[in-house]
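Data block below; observations after.
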Amino acid sequence: MNWWQKKSVYQIYPKSFLDTAGNGTGDLRGVIKKLDYIKSLGAGAIWLTPIYDSPQVDNGYDIADYTSIDPRFGTMADFDELISEAKARDIKIVMDLVFNHTSDRHAWFKESKSSRNNPKADWYIWRDEKTNWRSIFGGSAWEWCEERQQYYLHTFATAQPDLNWANPEVRQALYDAANFWNKRGVGGFRIDAIVYIKKPSEFKDGIVDSDDGLSSIHNIIAATDGILDYLREFKEKVFDGRDIFTVAEANGVKPENLSEWVGDNGVFDMLFEFSHVNIMFSNGVEIWHRSNLYKLSEWKKALSDSQNATRESWYPIYFENHDRPRSVNTFFPAGSDKILAAKALATILFTLRGTPFIYQGEELGFENAKFNSIDDYDDISTRGNYDLARADGLSDKQAMKFVQKFSRDNARTPMQWDTSKNAGFTSGKAWLPVHDDFTACNVEIQEKNPDSVLNFYRKLSKLRNSSDVLISGEYEELYPENEELYIFTRKSGDKKFMTIVNFTTHEVEMPAQILKGGKKVMGNYSDEKNYLRATEATIYEF
Ligand code: NOJ
């Protein structure tokens, strides 16, 4: 077993974590300050979303220099101190590699766009004609460049031009950038949007899939044949022979191809899958017409499929990250008690097979932001979708309804440390408003309460980190068709754990006999009944 299989990973969105400079934006010194807090959660690694120099059009996922630290987050000396202070606590720092695209302010792009025959002319994807591809953030995936008199391709925002991985010089420059961080002692990489790096050999229009006459770029370029040749080279030049882990975003990798992507014969250690978090989006309509209705059995199947597909490899378990609404508002029915719900999800997070990824604030049971005006939202994709929805005929009220439910800013509001001004996040003006529940929900209050969500996370983490069965035991789902309960076991030899979660807001009967010989080890209700109460989650040991 590797170190990263035995502990959890804590994801930090540095911009919203802790501001020590008073400028309203979190920074690396803020992360250093809170290392003991992260240690108290039992985490073995911290994944930092991008901290490189960036115009912040997409909050750092638009990188202007891969081997720098954005001054708003601190200096390289702060970063080195973070690595060594974290190491002293047995925590590794994991960097986010955003290699599908750069910022349009990157020196490489500035040179590439300057003429058709400069040395970097072929570092991005340039065409005389555009196709009908729609970018992931909406609108055409092609942008006209006056200077060069050509279009360039951008899978995401116009300010995020796609790199040309077909050019070996580009690939080498990216490997050099990653190895710069390897030399500084990072513990691994989270790899962004990697399924899009290889484009099809011919650029053809796709099938029009909505009123704008465009065709989703995702369906055209995700996991293009031959992508694994690039990824094998990437692995050989950057990951092989190092004590690090890799976890890549894998929207679009088919389960039957998984063995080529992860595990002993794969290119990465883990893949973030999307099926269980995108389940409410499966009806294919525009985001503003979507509901979050789905059957529990479908959600359980998504998780079980992933668990089963990674029996020979490893799985990153997650319910939240910086791109998703908060999990307590997403996976439980309206009317559920939010504290019980946060603990119930945590119970699943720590007892499935794989490495638990905790997203900042999840360990406190944070809820979605409640901004009433689109002007309070910062996220480029939220604002883009709001405009598209309005153009599609929705009123401000209707459009705000989906924004409040699905915006990525739901997860990006500042960390809530205490009851002081701005929840102790900043002494200045927070770059995104602090959630107005901060006086009731913050670290200081939860530290003191033995029954808090935070202390529940700590207990769960101790339980998992000290149990071989919970770390490596086999997963089996029971009663997959049950629409009220999620029940699964983890087994190794004659030892077994069972997790039972009631996803309803009412009492549910316990399926007969399953608890015979079992003893309750933890749960979000302190006592025990022979039925399950609303949102009850319990772990039994056999
Ligand atoms: C996935 C990242 O998680 C998201 O925040 C970003 O907008 C896109 N990739 C583009 O880099």
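All residue names refer to the structure tokens as shown: chains lettered A, B, ... in order, residues numbered from 1 in each chain, ligands numbered from 1 in order.
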
Check which residues of chain A sit at most 8 Å from ligand 1 using only C-alpha atoms and all ligand atoms, and return one row each with the closest pair of atoms and their distance in Å to one decimal, ordered by chain and rising number, as CSV.
residue,atom,partner,partner_atom_place_in_ligand_line,distance
A:Asp58,CA,ligand 1,7 (O),5.7
A:Asn59,CA,ligand 1,5 (O),7.5
A:Tyr61,CA,ligand 1,11 (O),4.6
A:Asp62,CA,ligand 1,11 (O),6.8
A:Val98,CA,ligand 1,11 (O),6.2
A:Asn100,CA,ligand 1,11 (O),7.7
A:His101,CA,ligand 1,11 (O),7.4
A:Phe156,CA,ligand 1,10 (C),6.0
A:Gln160,CA,ligand 1,11 (O),8.0
A:Asp192,CA,ligand 1,9 (N),5.4
A:Ala193,CA,ligand 1,9 (N),5.2
A:Glu249,CA,ligand 1,1 (C),7.5
A:Asn321,CA,ligand 1,3 (O),7.9
A:His322,CA,ligand 1,5 (O),6.4
A:Asp323,CA,ligand 1,5 (O),5.5
A:Ser381,CA,ligand 1,7 (O),7.9

Fewer than 5 positions away in the same chain doesn't count, so skip those; otherwise give me all residues within 7 Å of A:Asp53, counting only C-alpha atoms, as a list of chain:residue names.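 Within the cut-off, the hits are A:Ile63, A:Ala64, A:Asp65, A:Ser68, A:Ile69, A:Asp70.
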
Neighbour list for A:Ile539 as a list in words, cut-off 6 Å, only C-alpha atoms, skip fewer than 3 positions in-chain: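 What passes the distance filter is Met498, Thr499, Lys520, Val521 and Met522 of chain A.
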
Residue nearest A:Gly188 among A:Gly44, A:Gly361, A:Pro200, A:Pro55 (counting only C-alpha atoms):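 Going through A:Gly44, A:Gly361, A:Pro200, A:Pro55 one by one, the smallest distance to A:Gly188 is for A:Gly44.
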
Tell me which protein, DNA and RNA residues are within 6 Å of stretch 305-317 of chain A, counting only C-alpha atoms, leaving out same-chain ones fewer than 6 positions away, and put them as a PDB file with C-alpha atoms, in the first residue's frame.
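Written file, result20.pdb:
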ATOM      1  CA  GLY A 263      -3.544   1.024 -11.990  1.00  0.00           C
ATOM      2  CA  MET A 270      -6.496   7.657  -9.723  1.00  0.00           C
ATOM      3  CA  GLY A 354     -10.318   4.560  -2.025  1.00  0.00           C
ATOM      4  CA  THR A 355      -8.720   7.800  -0.892  1.00  0.00           C
ATOM      5  CA  PRO A 356     -11.220  10.267   0.627  1.00  0.00           C
ATOM      6  CA  PHE A 357     -10.915  13.808  -0.790  1.00  0.00           C
TER       7      PHE A 357
END
